[in-house]
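The file target-v3.tsv comes next; it holds TSV, C-alpha atoms and all ligand atoms.
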chain	number	residue	atom	x	y	z
K	1	MET	CA	78.54	104.10	59.53
K	2	THR	CA	79.36	107.64	60.60
K	3	GLN	CA	82.57	106.90	62.48
K	4	ASN	CA	84.69	109.99	62.62
K	5	ASN	CA	88.29	109.84	63.82
K	6	ALA	CA	88.30	113.50	64.86
K	7	ALA	CA	85.23	112.96	67.05
K	8	PRO	CA	85.53	112.75	70.82
K	9	ALA	CA	85.75	109.24	72.27
K	10	LEU	CA	82.64	110.14	74.22
K	11	ARG	CA	80.29	113.08	73.83
K	12	VAL	CA	77.37	113.31	76.24
K	13	ARG	CA	74.85	116.14	76.08
K	14	ASP	CA	72.13	116.96	78.59
K	15	LEU	CA	71.65	113.31	79.48
K	16	ARG	CA	68.71	112.52	81.72
K	17	LYS	CA	67.46	109.31	83.24
K	18	THR	CA	64.39	108.87	85.36
K	19	TYR	CA	63.78	105.28	86.44
K	20	ASP	CA	60.26	103.83	86.56
K	21	ASN	CA	60.16	104.37	90.32
K	22	GLY	CA	60.66	108.12	89.79
K	23	VAL	CA	64.35	108.25	90.80
K	24	GLN	CA	66.08	110.93	88.73
K	25	ALA	CA	69.46	109.22	88.42
K	26	LEU	CA	70.81	111.71	85.82
K	27	GLN	CA	69.66	115.29	85.70
K	28	GLY	CA	71.29	116.83	82.63
K	29	VAL	CA	74.82	115.43	82.37
K	30	SER	CA	77.17	116.75	79.67
K	31	LEU	CA	80.75	115.64	79.22
K	32	ASP	CA	83.48	115.06	76.65
K	33	VAL	CA	86.26	112.52	76.71
K	34	THR	CA	89.06	112.94	74.18
K	35	PRO	CA	90.52	109.99	72.25
K	36	GLY	CA	93.43	108.43	74.13
K	37	ASP	CA	92.36	109.86	77.47
K	38	PHE	CA	92.37	108.04	80.79
K	39	PHE	CA	89.26	109.54	82.32
K	40	ALA	CA	87.84	109.08	85.81
K	41	LEU	CA	84.19	109.40	86.64
K	42	LEU	CA	84.28	109.96	90.36
K	43	GLY	CA	81.36	110.06	92.73
K	44	PRO	CA	79.81	108.57	95.85
K	45	ASN	CA	77.46	105.60	95.82
K	46	GLY	CA	74.17	106.45	94.20
K	47	ALA	CA	75.62	109.45	92.31
K	48	GLY	CA	74.61	108.08	88.89
K	49	LYS	CA	77.89	106.59	87.64
K	50	SER	CA	76.52	103.16	86.72
K	51	THR	CA	73.47	104.70	85.10
K	52	LEU	CA	75.68	106.91	82.95
K	53	ILE	CA	77.94	104.11	81.76
K	54	GLY	CA	74.93	101.83	81.39
K	55	ILE	CA	73.48	104.30	78.89
K	56	VAL	CA	76.84	104.77	77.13
K	57	SER	CA	77.16	101.01	76.68
K	58	SER	CA	73.51	100.56	75.61
K	59	LEU	CA	72.47	98.53	78.67
K	60	VAL	CA	70.15	101.22	80.04
K	61	ASN	CA	67.69	103.36	78.06
K	62	LYS	CA	68.06	107.11	78.47
K	63	SER	CA	65.09	109.39	79.15
K	64	ALA	CA	66.52	112.37	77.21
K	65	GLY	CA	69.74	113.79	75.81
K	66	SER	CA	72.37	112.37	73.47
K	67	VAL	CA	75.40	110.12	73.64
K	68	GLU	CA	77.97	109.59	70.90
K	69	VAL	CA	80.93	107.21	70.98
K	70	PHE	CA	83.58	108.23	68.42
K	71	GLY	CA	80.86	110.17	66.62
K	72	ILE	CA	78.40	107.26	66.58
K	73	ASP	CA	75.04	107.89	68.21
K	74	VAL	CA	74.33	105.08	70.70
K	75	THR	CA	70.59	105.20	70.09
K	76	ARG	CA	70.48	105.54	66.30
K	77	GLU	CA	73.45	103.24	65.60
K	78	ARG	CA	73.39	101.01	68.62
K	79	SER	CA	75.37	98.03	67.37
K	80	ALA	CA	78.03	100.15	65.64
K	81	ALA	CA	78.45	102.15	68.86
K	82	MET	CA	78.64	98.96	70.93
K	83	ARG	CA	81.44	97.64	68.73
K	84	GLN	CA	83.61	100.58	69.85
K	85	ILE	CA	83.23	99.68	73.51
K	86	GLY	CA	84.66	97.08	75.86
K	87	LEU	CA	82.83	96.95	79.17
K	88	VAL	CA	84.21	95.61	82.42
K	89	PRO	CA	81.34	95.29	84.90
K	90	GLN	CA	81.83	95.30	88.63
K	91	GLU	CA	80.77	91.70	89.25
K	92	PHE	CA	82.50	88.64	87.82
K	93	ASN	CA	80.25	87.41	85.04
K	94	PHE	CA	82.23	84.63	83.43
K	95	ASN	CA	81.80	80.90	83.91
K	96	MET	CA	84.11	79.93	86.79
K	97	PHE	CA	84.43	76.41	85.39
K	98	GLU	CA	85.82	77.61	82.07
K	99	LYS	CA	89.48	78.34	81.39
K	100	PRO	CA	90.67	81.92	80.74
K	101	LEU	CA	91.66	80.99	77.18
K	102	ASP	CA	88.17	79.62	76.39
K	103	ILE	CA	86.46	82.56	78.11
K	104	CYS	CA	88.35	84.98	75.86
K	105	VAL	CA	87.99	82.97	72.66
K	106	ASN	CA	84.26	82.29	73.14
K	107	TYR	CA	83.61	85.96	73.91
K	108	ALA	CA	85.25	87.01	70.64
K	109	GLY	CA	83.14	84.36	68.92
K	110	PHE	CA	79.98	86.30	69.86
K	111	TYR	CA	81.46	89.22	67.94
K	112	GLY	CA	82.13	87.07	64.90
K	113	LEU	CA	85.90	86.75	65.21
K	114	PRO	CA	87.12	83.53	63.50
K	115	ARG	CA	88.58	81.01	65.95
K	116	ALA	CA	92.18	81.14	64.68
K	117	GLN	CA	92.24	84.92	65.01
K	118	ALA	CA	90.56	84.72	68.40
K	119	LEU	CA	93.22	82.32	69.65
K	120	ALA	CA	96.01	84.64	68.51
K	121	ARG	CA	94.28	87.64	70.07
K	122	ALA	CA	93.66	85.75	73.35
K	123	GLU	CA	97.38	85.10	73.66
K	124	VAL	CA	98.04	88.85	73.35
K	125	VAL	CA	95.40	89.98	75.85
K	126	LEU	CA	96.18	87.25	78.39
K	127	LYS	CA	99.88	88.11	78.23
K	128	GLU	CA	99.03	91.80	78.72
K	129	ALA	CA	97.02	90.84	81.79
K	130	GLN	CA	99.85	88.60	83.06
K	131	LEU	CA	97.58	85.58	82.83
K	132	TRP	CA	99.12	83.63	80.00
K	133	ASP	CA	100.54	81.00	82.39
K	134	LYS	CA	96.99	80.53	83.74
K	135	ALA	CA	95.33	80.30	80.32
K	136	ASP	CA	94.51	76.60	80.76
K	137	LYS	CA	93.63	76.60	84.45
K	138	VAL	CA	90.03	76.54	85.63
K	139	SER	CA	89.10	80.18	86.32
K	140	ARG	CA	87.70	79.34	89.72
K	141	SER	CA	91.26	78.61	90.87
K	142	LEU	CA	92.50	82.13	90.00
K	143	SER	CA	93.05	84.70	92.74
K	144	GLY	CA	90.66	87.66	93.06
K	145	GLY	CA	93.14	89.97	91.33
K	146	MET	CA	93.64	87.54	88.46
K	147	LYS	CA	89.88	87.19	87.97
K	148	ARG	CA	89.60	90.95	87.70
K	149	ARG	CA	92.42	91.09	85.17
K	150	LEU	CA	90.66	88.31	83.24
K	151	MET	CA	87.58	90.55	82.99
K	152	ILE	CA	89.80	93.25	81.45
K	153	ALA	CA	91.52	90.79	79.11
K	154	ARG	CA	88.16	89.49	77.87
K	155	ALA	CA	86.89	93.01	77.17
K	156	MET	CA	90.06	93.70	75.16
K	157	MET	CA	89.44	90.72	72.84
K	158	THR	CA	87.46	92.84	70.40
K	159	ARG	CA	90.07	95.65	70.34
K	160	PRO	CA	87.63	98.24	71.69
K	161	LYS	CA	88.61	101.86	71.13
K	162	LEU	CA	86.93	102.74	74.42
K	163	LEU	CA	87.32	100.57	77.51
K	164	ILE	CA	84.84	101.32	80.28
K	165	LEU	CA	85.30	99.96	83.77
K	166	ASP	CA	82.59	100.20	86.41
K	167	GLU	CA	84.24	100.40	89.83
K	168	PRO	CA	86.75	97.70	88.91
K	169	THR	CA	88.45	97.90	92.27
K	170	ALA	CA	85.59	98.40	94.74
K	171	GLY	CA	86.38	96.51	97.90
K	172	VAL	CA	89.65	95.16	96.49
K	173	ASP	CA	92.86	95.36	98.50
K	174	ILE	CA	95.57	97.79	97.49
K	175	GLU	CA	98.01	95.21	96.11
K	176	ILE	CA	95.41	93.79	93.73
K	177	ARG	CA	94.36	97.31	92.76
K	178	ARG	CA	97.96	98.22	91.87
K	179	GLY	CA	98.23	95.12	89.65
K	180	MET	CA	95.12	96.21	87.78
K	181	TRP	CA	96.43	99.75	87.45
K	182	THR	CA	99.55	98.46	85.67
K	183	THR	CA	97.44	96.49	83.21
K	184	LEU	CA	95.19	99.48	82.57
K	185	GLN	CA	98.11	101.85	82.11
K	186	GLN	CA	99.60	99.54	79.48
K	187	ILE	CA	96.30	99.30	77.63
K	188	ASN	CA	95.94	103.09	77.67
K	189	ALA	CA	99.55	103.61	76.55
K	190	ALA	CA	98.81	101.38	73.55
K	191	GLY	CA	96.08	103.83	72.49
K	192	THR	CA	92.82	102.65	74.04
K	193	THR	CA	90.72	105.37	75.66
K	194	ILE	CA	89.74	104.37	79.19
K	195	ILE	CA	86.87	105.56	81.36
K	196	LEU	CA	86.92	104.35	84.91
K	197	THR	CA	84.28	104.91	87.54
K	198	THR	CA	85.51	104.88	91.07
K	199	HIS	CA	84.86	106.31	94.47
K	200	TYR	CA	88.54	106.25	95.37
K	201	LEU	CA	90.07	109.68	94.85
K	202	GLU	CA	93.51	108.12	95.18
K	203	GLU	CA	92.81	105.76	92.28
K	204	ALA	CA	91.67	108.54	90.00
K	205	GLU	CA	94.72	110.54	91.03
K	206	SER	CA	97.18	107.75	90.22
K	207	LEU	CA	95.72	106.81	86.87
K	208	CYS	CA	93.70	109.51	85.21
K	209	ARG	CA	94.50	112.65	83.27
K	210	ASN	CA	91.00	114.09	83.31
K	211	LEU	CA	88.00	113.58	85.50
K	212	ALA	CA	84.44	114.50	86.16
K	213	ILE	CA	82.88	114.39	89.60
K	214	ILE	CA	79.24	113.40	89.64
K	215	ASP	CA	76.88	113.78	92.58
K	216	HIS	CA	73.10	113.47	92.72
K	217	GLY	CA	72.96	112.95	88.95
K	218	ARG	CA	74.84	116.15	88.12
K	219	ILE	CA	78.43	116.89	87.13
K	220	VAL	CA	79.78	119.10	89.89
K	221	GLU	CA	83.37	119.43	88.63
K	222	GLN	CA	85.08	118.54	85.40
K	223	GLY	CA	88.59	119.12	84.10
K	224	PRO	CA	92.22	118.03	84.15
K	225	MET	CA	93.24	116.08	87.25
K	226	LYS	CA	96.10	118.51	87.90
K	227	THR	CA	93.78	121.51	87.99
K	228	LEU	CA	91.30	119.85	90.31
K	229	LEU	CA	94.02	118.60	92.64
K	230	ALA	CA	95.51	122.10	92.78
K	231	LYS	CA	92.07	123.35	93.83
K	232	LEU	CA	91.91	120.68	96.52
K	233	ASP	CA	95.29	121.81	97.81
K	234	VAL	CA	94.19	125.36	98.38
K	235	GLU	CA	92.97	126.57	101.71
K	236	GLY	CA	90.64	129.54	101.95
K	237	PHE	CA	90.25	131.93	104.89
K	238	LEU	CA	87.99	134.83	105.69
K	239	PHE	CA	89.35	137.57	107.98
K	240	ASP	CA	87.11	139.95	109.84
K	241	ILE	CA	89.06	143.24	109.96
K	242	GLU	CA	89.04	145.87	112.67
K	243	GLY	CA	88.61	149.41	111.32
K	244	GLU	CA	89.29	150.47	107.75
K	245	LEU	CA	91.09	148.43	105.12
K	246	PRO	CA	94.17	150.07	103.54
K	247	ALA	CA	93.67	151.52	100.06
K	248	VAL	CA	96.14	148.99	98.65
K	249	LEU	CA	96.13	145.43	99.94
K	250	PRO	CA	99.45	143.68	100.60
K	251	GLN	CA	100.79	141.31	97.98
K	252	ILE	CA	101.43	137.87	99.40
K	253	GLU	CA	103.45	135.72	97.02
K	254	GLY	CA	101.69	132.50	96.03
K	255	ALA	CA	98.41	133.56	97.63
K	256	SER	CA	95.45	135.57	96.46
K	257	LEU	CA	93.98	138.24	98.72
K	258	ARG	CA	90.92	140.36	98.05
K	259	ALA	CA	88.36	142.39	99.96
K	260	SER	CA	84.91	140.80	99.89
K	261	ASP	CA	83.42	143.83	101.70
K	262	ALA	CA	84.65	146.85	103.72
K	263	HIS	CA	85.53	144.69	106.73
K	264	THR	CA	86.26	141.27	105.29
K	265	LEU	CA	89.31	139.93	103.51
K	266	GLU	CA	89.27	136.71	101.59
K	267	LEU	CA	92.48	134.71	101.15
K	268	ASP	CA	93.27	131.61	99.10
K	269	MET	CA	96.66	130.07	99.74
K	270	PRO	CA	98.45	126.76	99.17
K	271	ARG	CA	97.91	124.42	102.10
K	272	ALA	CA	101.66	124.17	102.71
K	273	MET	CA	102.11	127.94	103.08
K	274	ASP	CA	102.89	129.39	106.50
K	275	LEU	CA	100.04	131.57	107.80
K	276	ASN	CA	102.59	133.67	109.71
K	277	ARG	CA	103.65	135.17	106.36
K	278	VAL	CA	100.10	136.41	105.97
K	279	PHE	CA	99.99	137.92	109.43
K	280	ALA	CA	103.37	139.61	108.87
K	281	ALA	CA	102.07	141.17	105.64
K	282	PHE	CA	98.91	142.33	107.45
K	283	GLU	CA	100.98	143.92	110.21
K	284	THR	CA	103.20	145.93	107.86
K	285	THR	CA	100.12	147.37	106.13
K	286	GLY	CA	98.28	148.10	109.38
K	287	ILE	CA	95.56	145.48	108.95
K	288	ARG	CA	94.24	144.29	112.33
K	289	VAL	CA	92.42	140.97	112.35
K	290	ARG	CA	89.45	140.65	114.70
K	291	SER	CA	88.67	137.04	113.84
K	292	MET	CA	89.25	134.50	111.12
K	293	ARG	CA	87.55	131.37	109.83
K	294	THR	CA	88.13	128.88	107.06
K	295	LYS	CA	86.23	129.25	103.87
K	296	SER	CA	84.70	126.01	102.67
K	297	ASN	CA	85.84	124.67	99.35
K	298	ARG	CA	83.25	123.08	97.09
K	299	LEU	CA	85.44	120.22	95.98
K	300	GLU	CA	86.66	119.54	99.44
K	301	GLU	CA	83.16	119.64	100.82
K	302	LEU	CA	82.17	117.12	98.23
K	303	PHE	CA	84.97	114.77	99.22
K	304	VAL	CA	84.15	115.16	102.88
K	305	ARG	CA	80.57	114.21	102.08
K	306	MET	CA	81.75	111.30	99.96
K	307	THR	CA	83.95	109.90	102.71
K	308	ALA	CA	81.23	110.43	105.27
K	309	ARG	CA	78.80	108.41	103.16
K	310	GLU	CA	81.36	105.69	102.55
K	311	GLY	CA	82.00	105.48	106.27
K	312	ALA	CA	78.29	105.34	106.97
K	313	SER	CA	77.76	102.41	104.65
K	314	ALA	CA	80.86	100.47	105.83
K	401	LIG	P1	76.31	104.86	91.27
K	401	LIG	O1	76.75	103.94	90.20
K	401	LIG	O2	77.02	106.18	91.25
K	401	LIG	O3	76.35	104.22	92.63
K	401	LIG	P2	73.64	104.50	90.16
K	401	LIG	O4	73.69	104.97	88.76
K	401	LIG	O5	73.71	103.04	90.40
K	401	LIG	O6	74.77	105.25	91.01
K	401	LIG	O7	72.31	105.02	90.85
K	401	LIG	C1	71.84	106.36	90.76
K	401	LIG	C2	70.47	106.44	91.41
K	401	LIG	O8	69.53	105.71	90.63
K	401	LIG	C3	70.43	105.85	92.80
K	401	LIG	O9	69.51	106.62	93.56
K	401	LIG	C4	69.87	104.47	92.57
K	401	LIG	O10	69.17	104.00	93.69
K	401	LIG	C5	68.95	104.69	91.39
K	401	LIG	N1	68.83	103.50	90.54
K	401	LIG	C6	69.84	102.84	89.93
K	401	LIG	N2	69.37	101.82	89.19
K	401	LIG	C7	68.02	101.82	89.33
K	401	LIG	C8	66.96	101.02	88.82
K	401	LIG	N3	67.19	100.00	87.98
K	401	LIG	N4	65.70	101.32	89.19
K	401	LIG	C9	65.48	102.35	90.01
K	401	LIG	N5	66.40	103.16	90.53
K	401	LIG	C10	67.68	102.90	90.20

Show me this structure written as structure tokens.
Amino acid sequence: MTQNNAAPALRVRDLRKTYDNGVQALQGVSLDVTPGDFFALLGPNGAGKSTLIGIVSSLVNKSAGSVEVFGIDVTRERSAAMRQIGLVPQEFNFNMFEKPLDICVNYAGFYGLPRAQALARAEVVLKEAQLWDKADKVSRSLSGGMKRRLMIARAMMTRPKLLILDEPTAGVDIEIRRGMWTTLQQINAAGTTIILTTHYLEEAESLCRNLAIIDHGRIVEQGPMKTLLAKLDVEGFLFDIEGELPAVLPQIEGASLRASDAHTLELDMPRAMDLNRVFAAFETTGIRVRSMRTKSNRLEELFVRMTAREGASA
């Protein structure tokens, strides 16, 4: 086995997937997730999120490209790669008539864990998921939030180094979502790398350190959450200027001003900043504004589109 502790938790290069019906679900996706990260894969419905994690967890065959989990190639060393991963699918897929304890113990049995060890491990994961007092109740009687936490607990039975969750909170009310967030934060703090797909920006913002935004099978943004949120918080304007621009443009603290041509100024400023400061600076340097308009921001546009689509499908 070629497991390498210095390797990224996930390394995806030029990944492509064309389904039999011709849909190009992934069109050259590359991304890296570092060990210990809490990573969000954000994108609207149909963007390619499930396809991507399906390939990472060996449930879907890729058309081209490569995927490594902790340095293990998912195609060449499929079962070794799968042992690194715990997958929490969107739909409940446990037997509702079984008890949480049996669901966890039997799951570990598939992976060859002896029963005594599985029982000890089940106590740990069910306590982490605040389900220990329900361990012997029929799962059907659990609340929706508890059932979701049971899915997480079960995936943690095999001590995966990478926990992947496919839209774990889609259509779930905020209280239940918060309960799941606490469980996930504890799991991550204990060292497990987490990748979460979601179409809730707020969820990614509360939980994740890094994210990639996927749309139409392509990564459109990737980086630290803080950097991307700072971008989202910036407003851009274009000013059409009357006459000549001064030789030296005014400095406006906290904002960035540049000439995009002889009669147009381009300004990026924090959303909270007062535009009057900009006009005052223009006045002192003799800049006369004929008209202004907002510049569209790629990230923001994307989110507007995402919300529009969500609204359309609601
Ligand atoms: P997401 O998880 O972001 O909603 P998916 O990965 O499920 O996106 O889907 C990406 C695209 O691939 C969509 O256009 C979807 O209709 C298509 N797709 C997904 N699964 C299949 C499949 N099994 N066969 C054909 N097309 C599929």

Give me the residues near Asp32 in chain K as a PyMOL selection string, where near means some atom within 9 Å (using all atoms listed in the file) and where sequence neighbours in that chain fewer than 5 positions away do not count. chain K and resi 8-13

Wanna dump the chain K-ligand LIG 401 (chain K) contacts at 8 Å for me, each residue with its shortest atom pair and the distance in Å to one decimal, counting only C-alpha atoms and all ligand atoms, ordered by chain and number, as JSON lines?
{"residue": "K:Thr18", "atom": "CA", "partner": "K:LIG401", "partner_atom": "N5", "distance": 8.0}
{"residue": "K:Tyr19", "atom": "CA", "partner": "K:LIG401", "partner_atom": "C9", "distance": 4.9}
{"residue": "K:Asp20", "atom": "CA", "partner": "K:LIG401", "partner_atom": "C9", "distance": 6.4}
{"residue": "K:Asn21", "atom": "CA", "partner": "K:LIG401", "partner_atom": "C9", "distance": 5.7}
{"residue": "K:Gly22", "atom": "CA", "partner": "K:LIG401", "partner_atom": "C9", "distance": 7.5}
{"residue": "K:Val23", "atom": "CA", "partner": "K:LIG401", "partner_atom": "N5", "distance": 5.5}
{"residue": "K:Gln24", "atom": "CA", "partner": "K:LIG401", "partner_atom": "O8", "distance": 6.5}
{"residue": "K:Ala25", "atom": "CA", "partner": "K:LIG401", "partner_atom": "O8", "distance": 4.1}
{"residue": "K:Leu26", "atom": "CA", "partner": "K:LIG401", "partner_atom": "C1", "distance": 7.4}
{"residue": "K:Gly43", "atom": "CA", "partner": "K:LIG401", "partner_atom": "O2", "distance": 6.0}
{"residue": "K:Pro44", "atom": "CA", "partner": "K:LIG401", "partner_atom": "O2", "distance": 5.9}
{"residue": "K:Asn45", "atom": "CA", "partner": "K:LIG401", "partner_atom": "O3", "distance": 3.6}
{"residue": "K:Gly46", "atom": "CA", "partner": "K:LIG401", "partner_atom": "O6", "distance": 3.5}
{"residue": "K:Ala47", "atom": "CA", "partner": "K:LIG401", "partner_atom": "O2", "distance": 3.7}
{"residue": "K:Gly48", "atom": "CA", "partner": "K:LIG401", "partner_atom": "O4", "distance": 3.2}
{"residue": "K:Lys49", "atom": "CA", "partner": "K:LIG401", "partner_atom": "O2", "distance": 3.7}
{"residue": "K:Ser50", "atom": "CA", "partner": "K:LIG401", "partner_atom": "O1", "distance": 3.6}
{"residue": "K:Thr51", "atom": "CA", "partner": "K:LIG401", "partner_atom": "O4", "distance": 3.7}
{"residue": "K:Leu52", "atom": "CA", "partner": "K:LIG401", "partner_atom": "O4", "distance": 6.4}
{"residue": "K:Asp166", "atom": "CA", "partner": "K:LIG401", "partner_atom": "O1", "distance": 7.9}
{"residue": "K:Ile214", "atom": "CA", "partner": "K:LIG401", "partner_atom": "O2", "distance": 7.7}
{"residue": "K:Asp215", "atom": "CA", "partner": "K:LIG401", "partner_atom": "O2", "distance": 7.7}
{"residue": "K:His216", "atom": "CA", "partner": "K:LIG401", "partner_atom": "C1", "distance": 7.5}
{"residue": "K:Gly217", "atom": "CA", "partner": "K:LIG401", "partner_atom": "C1", "distance": 6.9}

Using only C-alpha atoms, which of the listed residues (K:Val33, K:Leu42, K:Leu142, K:Gly223) sits closest to Glu202 in chain K? K:Leu42

With a distance cut-off of 8 Å and only C-alpha atoms, select the neighbouring residues of range 115-122 of chain K, excluding the residue or stretch itself and same-chain residues fewer than 5 positions from it, and output the selection as a PyMOL selection string. chain K and resi 101+104-105+108-109+153+157

Can you tell me, as a list in words, what residues are no more than 10 Å from Asp268 in chain K when counting only C-alpha atoms, ignoring any on the same chain fewer than 3 positions away?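 The filter keeps Lys231, Val234, Glu235, Gly236, Phe237, Leu238, Gly254, Ala255, Ser256, Leu257, Arg258, Arg271, Thr294 and Lys295 of chain K.
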
Give me, as CSV, each residue of range 173-240 of chain K that comes within 10 Å of range 77-87 of chain K, together with its shortest interatomic pair and the distance in Å at one decimal, counting only C-alpha atoms, with rows ordered by chain and rising residue number.
residue,atom,partner,partner_atom,distance
K:Thr193,CA,K:Ile85,CA,9.6
K:Ile194,CA,K:Gly86,CA,9.5
K:Ile195,CA,K:Leu87,CA,9.8

List the spatial neighbours of Pro246 in chain K as a list in words - criterion: any atom at most 9 Å away, all atoms listed in the file, same-chain residues fewer than 4 positions off excluded.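 These residues fall inside the cut-off: Pro250, Thr285, Gly286 and Ile287 of chain K.
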
State, in Å with one decimal place, the distance from CA of Ala155 in chain K to CA of Pro224 in chain K.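 Straight-line distance from CA of Ala155 in chain K to CA of Pro224 in chain K works out to 26.5 Å.
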
Could you check how far CA of Lys62 in chain K sits from CA of Arg16 in chain K, in Å to one decimal?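 So the two atoms, CA of Lys62 in chain K and CA of Arg16 in chain K, lie 6.3 Å apart.
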
Looking at only C-alpha atoms, which of K:Thr75, K:Thr34, K:Ser58, K:Gln251 is the one that sits closest to Thr284 in chain K?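 Smallest distance to Thr284 in chain K is found for K:Gln251.
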
Could you give me range 71-86 of chain K completed to N, CA, C and O atoms, formatted as a compact mmCIF listing (two decimals), in the frame of the given file?
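Contents of rebuild23.txt, freshly written:
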# COMPACT_ATOMS: atom_id res chain seq x y z
N GLY K 71 81.74 109.59 67.63
CA GLY K 71 80.86 110.17 66.62
C GLY K 71 79.66 109.32 66.26
O GLY K 71 78.85 109.71 65.42
N ILE K 72 79.51 108.15 66.90
CA ILE K 72 78.40 107.26 66.58
C ILE K 72 77.33 107.37 67.66
O ILE K 72 77.63 107.16 68.85
N ASP K 73 76.13 107.71 67.26
CA ASP K 73 75.04 107.89 68.21
C ASP K 73 74.61 106.53 68.77
O ASP K 73 74.27 105.62 68.01
N VAL K 74 74.60 106.41 70.10
CA VAL K 74 74.33 105.08 70.70
C VAL K 74 72.88 104.65 70.54
O VAL K 74 72.58 103.47 70.66
N THR K 75 71.99 105.59 70.27
CA THR K 75 70.59 105.20 70.09
C THR K 75 70.32 104.86 68.62
O THR K 75 69.75 103.83 68.30
N ARG K 76 70.79 105.75 67.71
CA ARG K 76 70.48 105.54 66.30
C ARG K 76 71.31 104.42 65.69
O ARG K 76 70.87 103.72 64.79
N GLU K 77 72.57 104.27 66.18
CA GLU K 77 73.45 103.24 65.60
C GLU K 77 73.99 102.38 66.73
O GLU K 77 75.21 102.31 66.96
N ARG K 78 73.06 101.71 67.38
CA ARG K 78 73.39 101.01 68.62
C ARG K 78 74.51 99.98 68.45
O ARG K 78 75.49 99.99 69.18
N SER K 79 74.38 99.11 67.44
CA SER K 79 75.37 98.03 67.37
C SER K 79 76.72 98.56 66.91
O SER K 79 77.77 98.08 67.39
N ALA K 80 76.74 99.56 66.04
CA ALA K 80 78.03 100.15 65.64
C ALA K 80 78.69 100.82 66.84
O ALA K 80 79.91 100.70 67.04
N ALA K 81 77.90 101.49 67.67
CA ALA K 81 78.45 102.15 68.86
C ALA K 81 78.98 101.10 69.83
O ALA K 81 80.08 101.24 70.38
N MET K 82 78.23 100.01 69.98
CA MET K 82 78.64 98.96 70.93
C MET K 82 79.96 98.32 70.51
O MET K 82 80.74 97.88 71.36
N ARG K 83 80.19 98.25 69.20
CA ARG K 83 81.44 97.64 68.73
C ARG K 83 82.68 98.47 69.11
O ARG K 83 83.79 97.98 69.08
N GLN K 84 82.48 99.74 69.45
CA GLN K 84 83.61 100.58 69.85
C GLN K 84 84.01 100.34 71.31
O GLN K 84 85.06 100.78 71.75
N ILE K 85 83.10 99.69 72.05
CA ILE K 85 83.23 99.68 73.51
C ILE K 85 83.56 98.30 74.06
O ILE K 85 82.99 97.30 73.64
N GLY K 86 84.45 98.27 75.04
CA GLY K 86 84.66 97.08 75.86
C GLY K 86 84.22 97.45 77.26
O GLY K 86 84.62 98.50 77.77
